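This is entry-v7.tsv (TSV, C-alpha atoms).
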```tsv
chain	number	residue	atom	x	y	z
A	1	ARG	CA	101.23	-3.00	65.41
A	2	ALA	CA	98.97	-4.96	63.14
A	3	PHE	CA	95.34	-4.98	64.03
A	4	ALA	CA	93.73	-8.34	64.29
A	5	ARG	CA	90.74	-8.91	62.06
A	6	ARG	CA	87.52	-9.24	63.92
A	7	PRO	CA	84.55	-11.06	62.47
A	8	ILE	CA	81.48	-8.88	61.60
A	9	PRO	CA	78.55	-9.80	63.74
A	10	VAL	CA	75.62	-11.48	61.98
A	11	ALA	CA	73.15	-8.98	63.44
A	12	MET	CA	74.98	-6.10	61.77
A	13	LEU	CA	74.83	-7.85	58.35
A	14	ALA	CA	71.08	-8.32	58.74
A	15	HIS	CA	70.57	-4.63	59.51
A	16	LEU	CA	72.61	-3.61	56.42
A	17	ALA	CA	70.53	-5.92	54.14
A	18	ILE	CA	67.24	-4.52	55.45
A	19	ALA	CA	68.43	-0.96	54.95
A	20	ALA	CA	69.50	-1.70	51.36
A	21	LEU	CA	66.17	-3.32	50.47
A	22	GLY	CA	64.12	-0.53	52.03
A	23	PHE	CA	65.94	2.29	50.18
A	24	SER	CA	64.04	4.08	47.39
A	25	ALA	CA	64.97	6.99	45.17
A	26	PRO	CA	63.33	10.35	45.97
A	27	THR	CA	60.27	11.23	43.86
A	28	ARG	CA	59.55	14.51	42.11
A	29	PRO	CA	57.17	16.78	43.93
A	30	HIS	CA	53.66	17.13	42.35
A	31	ARG	CA	53.23	20.34	40.41
A	32	ALA	CA	49.89	22.11	40.33
A	33	GLY	CA	48.25	21.95	36.93
A	34	ALA	CA	50.21	18.94	35.77
A	35	THR	CA	48.15	16.30	34.01
A	36	ALA	CA	48.80	12.66	33.46
A	37	SER	CA	49.85	11.62	30.01
A	38	ILE	CA	47.51	8.62	30.08
A	39	ARG	CA	43.90	8.96	31.17
A	40	MET	CA	41.70	6.05	32.07
A	41	GLU	CA	38.14	6.16	30.67
A	42	ASP	CA	35.31	6.17	33.14
A	43	PRO	CA	33.34	2.96	32.51
A	44	ALA	CA	30.19	4.63	33.87
A	45	ALA	CA	30.31	7.54	31.38
A	46	PRO	CA	27.66	7.22	28.61
A	47	SER	CA	28.99	6.63	25.12
A	48	PRO	CA	27.94	9.06	22.36
A	49	PRO	CA	24.96	7.88	20.29
A	50	PRO	CA	25.78	6.39	16.90
A	51	PRO	CA	25.08	8.58	13.88
A	52	ALA	CA	21.61	8.18	12.41
A	53	ARG	CA	21.46	5.94	9.38
A	54	PRO	CA	20.19	7.62	6.21
A	55	ILE	CA	16.62	6.74	5.27
A	56	PRO	CA	16.03	5.80	1.61
A	57	SER	CA	13.57	7.99	-0.23
A	58	LYS	CA	10.23	6.38	-1.05
A	59	ALA	CA	9.79	8.62	-4.07
A	60	LEU	CA	13.31	8.00	-5.41
A	61	PRO	CA	14.58	4.72	-3.91
A	62	PHE	CA	18.07	5.20	-5.36
A	63	THR	CA	18.54	8.34	-3.23
A	64	THR	CA	18.38	9.08	0.49
A	65	ALA	CA	15.74	11.25	2.10
A	66	PRO	CA	16.79	14.47	3.85
A	67	ALA	CA	17.17	14.13	7.60
A	68	ILE	CA	14.20	16.42	8.28
A	69	LEU	CA	11.91	14.14	6.26
A	70	ASP	CA	11.77	11.28	8.75
A	71	GLY	CA	8.30	10.00	7.85
A	72	THR	CA	6.44	11.54	10.79
A	73	MET	CA	4.50	13.96	8.58
A	74	ALA	CA	1.61	12.73	6.45
A	75	GLY	CA	2.48	12.27	2.80
A	76	ASP	CA	6.21	12.27	3.53
A	77	ASN	CA	7.89	10.25	0.77
A	78	GLY	CA	11.37	11.71	1.27
A	79	PHE	CA	11.17	13.88	-1.85
A	80	ASP	CA	13.05	17.17	-1.66
A	81	ILE	CA	15.62	17.13	-4.45
A	82	LEU	CA	16.12	20.90	-4.27
A	83	GLY	CA	16.68	20.92	-0.50
A	84	LEU	CA	14.02	23.57	0.17
A	85	ALA	CA	12.95	22.28	3.60
A	86	VAL	CA	15.97	23.53	5.54
A	87	SER	CA	14.14	23.78	8.88
A	88	GLU	CA	10.99	22.52	10.56
A	89	SER	CA	9.26	25.90	10.25
A	90	ARG	CA	10.07	26.03	6.54
A	91	LEU	CA	8.79	22.47	6.12
A	92	ASN	CA	5.49	23.40	7.78
A	93	PHE	CA	5.21	26.45	5.53
A	94	TYR	CA	5.62	24.35	2.39
A	95	ARG	CA	3.16	21.73	3.68
A	96	GLU	CA	0.51	24.41	4.27
A	97	ALA	CA	1.05	25.74	0.75
A	98	GLU	CA	0.98	22.23	-0.73
A	99	ILE	CA	-2.32	21.22	0.87
A	100	ARG	CA	-3.99	24.40	-0.40
A	101	HIS	CA	-2.75	23.83	-3.93
A	102	CYS	CA	-3.83	20.19	-3.71
A	103	ARG	CA	-7.39	21.16	-2.86
A	104	LEU	CA	-7.56	23.83	-5.55
A	105	ALA	CA	-6.14	21.39	-8.10
A	106	MET	CA	-8.71	18.72	-7.20
A	107	LEU	CA	-11.52	21.22	-7.71
A	108	ALA	CA	-10.00	22.43	-10.98
A	109	ALA	CA	-9.34	18.93	-12.35
A	110	ALA	CA	-12.96	17.96	-11.69
A	111	ASN	CA	-14.46	21.23	-12.94
A	112	TRP	CA	-12.40	21.50	-16.13
A	113	PRO	CA	-14.06	18.66	-18.10
A	114	LEU	CA	-17.45	19.38	-16.47
A	115	ALA	CA	-17.29	22.95	-17.75
A	116	GLU	CA	-16.69	21.71	-21.28
A	117	LEU	CA	-19.52	19.16	-21.06
A	118	LEU	CA	-22.19	21.16	-19.23
A	119	ASN	CA	-21.58	24.80	-20.11
A	120	LYS	CA	-23.50	24.77	-23.38
A	121	PRO	CA	-26.53	22.74	-22.14
A	122	ILE	CA	-26.87	24.95	-19.04
A	123	ALA	CA	-26.50	28.13	-21.13
A	124	GLN	CA	-29.25	26.94	-23.50
A	125	LEU	CA	-31.46	26.14	-20.51
A	126	LEU	CA	-30.96	29.63	-19.08
A	127	GLY	CA	-31.14	31.33	-22.45
A	128	VAL	CA	-27.70	32.93	-22.28
A	129	PRO	CA	-24.70	32.65	-24.61
A	130	ALA	CA	-22.37	29.71	-23.94
A	131	ILE	CA	-18.82	30.65	-23.07
A	132	THR	CA	-17.50	27.50	-24.74
A	133	ASP	CA	-18.70	28.90	-28.07
A	134	VAL	CA	-16.12	31.65	-27.67
A	135	THR	CA	-13.30	29.28	-26.66
A	136	GLY	CA	-13.93	26.58	-29.27
A	137	GLY	CA	-15.39	24.10	-26.79
A	138	ARG	CA	-12.50	24.48	-24.35
A	139	ALA	CA	-12.83	25.46	-20.70
A	140	PRO	CA	-12.42	29.20	-20.08
A	141	SER	CA	-8.95	29.97	-18.78
A	142	ILE	CA	-6.09	32.39	-19.30
A	143	PRO	CA	-4.58	30.40	-22.23
A	144	ASN	CA	-7.98	29.61	-23.77
A	145	GLY	CA	-9.64	32.97	-23.11
A	146	GLY	CA	-13.28	33.42	-22.22
A	147	LEU	CA	-12.77	34.63	-18.64
A	148	GLY	CA	-14.10	38.03	-19.59
A	149	GLU	CA	-17.42	36.43	-20.49
A	150	VAL	CA	-17.94	35.13	-16.94
A	151	ASN	CA	-20.56	36.99	-14.91
A	152	ALA	CA	-19.14	39.44	-12.35
A	153	GLY	CA	-21.34	37.95	-9.64
A	154	PHE	CA	-19.46	34.68	-9.94
A	155	TRP	CA	-16.11	36.40	-9.31
A	156	PHE	CA	-17.59	38.23	-6.30
A	157	VAL	CA	-18.71	34.95	-4.73
A	158	VAL	CA	-15.32	33.34	-5.36
A	159	PHE	CA	-13.51	36.32	-3.84
A	160	ALA	CA	-15.76	36.33	-0.76
A	161	ILE	CA	-15.17	32.61	-0.13
A	162	ALA	CA	-11.41	33.07	-0.50
A	163	VAL	CA	-11.38	35.97	1.98
A	164	TYR	CA	-13.42	34.02	4.52
A	165	ALA	CA	-11.14	31.01	4.22
A	166	GLU	CA	-8.05	33.18	4.73
A	167	VAL	CA	-9.04	35.63	7.47
A	168	GLY	CA	-12.38	34.35	8.78
A	169	GLU	CA	-12.88	32.74	12.17
A	170	ILE	CA	-11.89	29.08	11.86
A	171	ASN	CA	-12.57	26.43	14.47
A	172	PRO	CA	-9.93	23.76	13.81
A	173	LEU	CA	-10.73	20.06	14.07
A	174	VAL	CA	-7.53	19.37	16.03
A	175	LYS	CA	-7.54	21.61	19.10
A	176	ASP	CA	-4.23	20.73	20.73
A	177	GLN	CA	-1.94	21.06	17.73
A	178	GLN	CA	-1.59	23.00	14.51
A	179	LEU	CA	-2.48	20.70	11.63
A	180	ALA	CA	-1.67	21.90	8.12
A	181	GLY	CA	-4.84	22.57	6.15
A	182	ASP	CA	-7.16	22.20	9.15
A	183	LEU	CA	-10.00	24.65	8.41
A	184	GLY	CA	-12.54	22.96	10.63
A	185	PHE	CA	-14.53	21.72	7.62
A	186	ASP	CA	-16.14	18.36	8.33
A	187	PRO	CA	-19.89	18.69	7.68
A	188	LEU	CA	-20.46	14.91	7.59
A	189	GLY	CA	-18.51	14.25	10.79
A	190	PHE	CA	-16.06	11.78	9.26
A	191	TRP	CA	-13.04	13.12	11.18
A	192	SER	CA	-14.62	12.81	14.61
A	193	LYS	CA	-15.40	9.11	14.00
A	194	MET	CA	-11.82	8.17	13.08
A	195	ASP	CA	-8.96	7.07	15.32
A	196	LYS	CA	-5.40	8.28	14.93
A	197	ALA	CA	-4.40	5.63	12.37
A	198	GLU	CA	-7.48	6.24	10.21
A	199	ARG	CA	-6.89	9.97	10.25
A	200	ARG	CA	-3.33	9.45	9.06
A	201	VAL	CA	-4.61	7.29	6.19
A	202	MET	CA	-7.10	10.00	5.17
A	203	GLN	CA	-4.36	12.64	5.23
A	204	ASP	CA	-2.14	10.47	3.02
A	205	LYS	CA	-4.99	9.90	0.58
A	206	GLU	CA	-5.85	13.59	0.37
A	207	LEU	CA	-2.25	14.50	-0.41
A	208	ALA	CA	-1.85	11.67	-2.94
A	209	ASN	CA	-5.02	12.68	-4.80
A	210	GLY	CA	-4.10	16.34	-4.60
A	211	ARG	CA	-0.65	15.77	-6.07
A	212	LEU	CA	-2.18	13.72	-8.87
A	213	ALA	CA	-4.70	16.49	-9.49
A	214	MET	CA	-1.92	19.08	-9.79
A	215	VAL	CA	-0.31	16.97	-12.48
A	216	ALA	CA	-3.68	16.42	-14.21
A	217	ILE	CA	-4.69	20.07	-14.38
A	218	THR	CA	-1.25	20.97	-15.71
A	219	VAL	CA	-1.67	18.38	-18.47
A	220	PHE	CA	-5.15	19.75	-19.27
A	221	VAL	CA	-3.83	23.28	-19.71
A	222	LEU	CA	-0.85	22.23	-21.83
A	223	GLU	CA	-2.92	19.90	-23.99
A	224	GLU	CA	-5.51	22.54	-24.87
A	225	PHE	CA	-2.88	25.23	-25.37
A	226	LEU	CA	-0.82	23.08	-27.76
A	227	PHE	CA	-3.51	21.14	-29.63
A	228	LYS	CA	-6.40	23.63	-29.42
A	229	ALA	CA	-8.85	20.84	-28.62
A	230	PRO	CA	-10.97	20.28	-25.50
A	231	VAL	CA	-9.83	17.49	-23.20
A	232	VAL	CA	-13.26	15.85	-23.33
A	233	SER	CA	-12.69	15.16	-27.02
A	234	ILE	CA	-9.32	13.51	-26.34
A	235	LEU	CA	-9.91	11.59	-23.11
A	236	PRO	CA	-12.33	9.06	-24.69
A	237	LYS	CA	-9.65	8.18	-27.26
A	238	LEU	CA	-7.03	7.28	-24.67
A	239	PRO	CA	-6.32	3.53	-24.29
A	240	PHE	CA	-6.90	3.58	-20.51
```
Could you render the structure from this file as structure tokens?
Amino acid sequence: RAFARRPIPVAMLAHLAIAALGFSAPTRPHRAGATASIRMEDPAAPSPPPPARPIPSKALPFTTAPAILDGTMAGDNGFDILGLAVSESRLNFYREAEIRHCRLAMLAAANWPLAELLNKPIAQLLGVPAITDVTGGRAPSIPNGGLGEVNAGFWFVVFAIAVYAEVGEINPLVKDQQLAGDLGFDPLGFWSKMDKAERRVMQDKELANGRLAMVAITVFVLEEFLFKAPVVSILPKLPF
């Protein structure tokens, strides 16, 4: 017997539609250790600092100064073409050596022409032979000779001063930090009357004059070795 078709109730159709819309495919279970392929950046995390820009060298403007020569040290002109200052301790070592050579060179550059000008008059006054008579008017030195004619007492005094400066008790001018070349020598009290900026200017001037003196004394030695003439006889003829 044929079955009569019955209409589907509206309520049943509504239930079927809701079930179809609410169906979702099963998801994969989370595995321990799995990481997301895309990570979101934390906006609160600090960004890395930008790389420091190279500082042009004051001594050689067409080059850049090494990173360790940042201008904080007195006399720093960014000049280290051989790359010797590889660390801060090495830089301090070279600065200590430089300031000592600067001071010795300033003494030598001033004494060299004075020795050639005053040695003979002082020797005549004291009634002793003039060393410049042995050296042809040139200052006594290793290339010029004449060092053997110097009194032994003079060498003893020089040696004693050098030993005291190296190992003697030194009261530095700057108590709270180690300052290159600080031997506590300020008999006129200039350093104590200066502020920080003025002290930096004085340090720069000492280094600039010392470097110039090292060049000058080198020229004096080479000139007298090559031309066999005292510098005091040549300096007046220079156009400057």
Select all residues near (-14.5, 17.5, -20.1) (cut-off 12 Å, inclusive, file coordinates), counting all atoms listed in the file, and output them as a list in words.
Ala108, Ala109, Ala110, Asn111, Trp112, Pro113, Leu114, Ala115, Glu116, Leu117, Leu118, Asn119, Thr132, Gly137, Arg138, Ala139, Pro140, Ile217, Phe220, Glu224, Ala229, Pro230, Val231, Val232, Ser233, Ile234, Leu235 and Pro236 of chain A
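Of the listed residues A:Val150, A:Ala74, A:Ala123, A:Ile68, the one whose atoms come nearest to A:Leu179 is A:Ala74, with distances taken using only C-alpha atoms.
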What is the distance, in Å and to one decimal place, between atom CA of A:Pro172 and atom CA of A:Asp186?
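The value is 9.9 Å.
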Could you please determine the separation between atom CA of A:Val221 and atom CA of A:Pro143 in Å, to one decimal place?
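Distance between the two atoms: 7.6 Å.
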Using atom CA of A:Thr72 and atom CA of A:Asp204 as the two end points, give the distance in Å to one decimal.
11.6 Å
Which of A:Val158, A:Pro187, A:Gly75, A:Ile81 sits closest to A:Ile99 [using all atoms listed in the file]
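Of A:Val158, A:Pro187, A:Gly75, A:Ile81, the one nearest A:Ile99, counting all atoms listed in the file, is A:Gly75.
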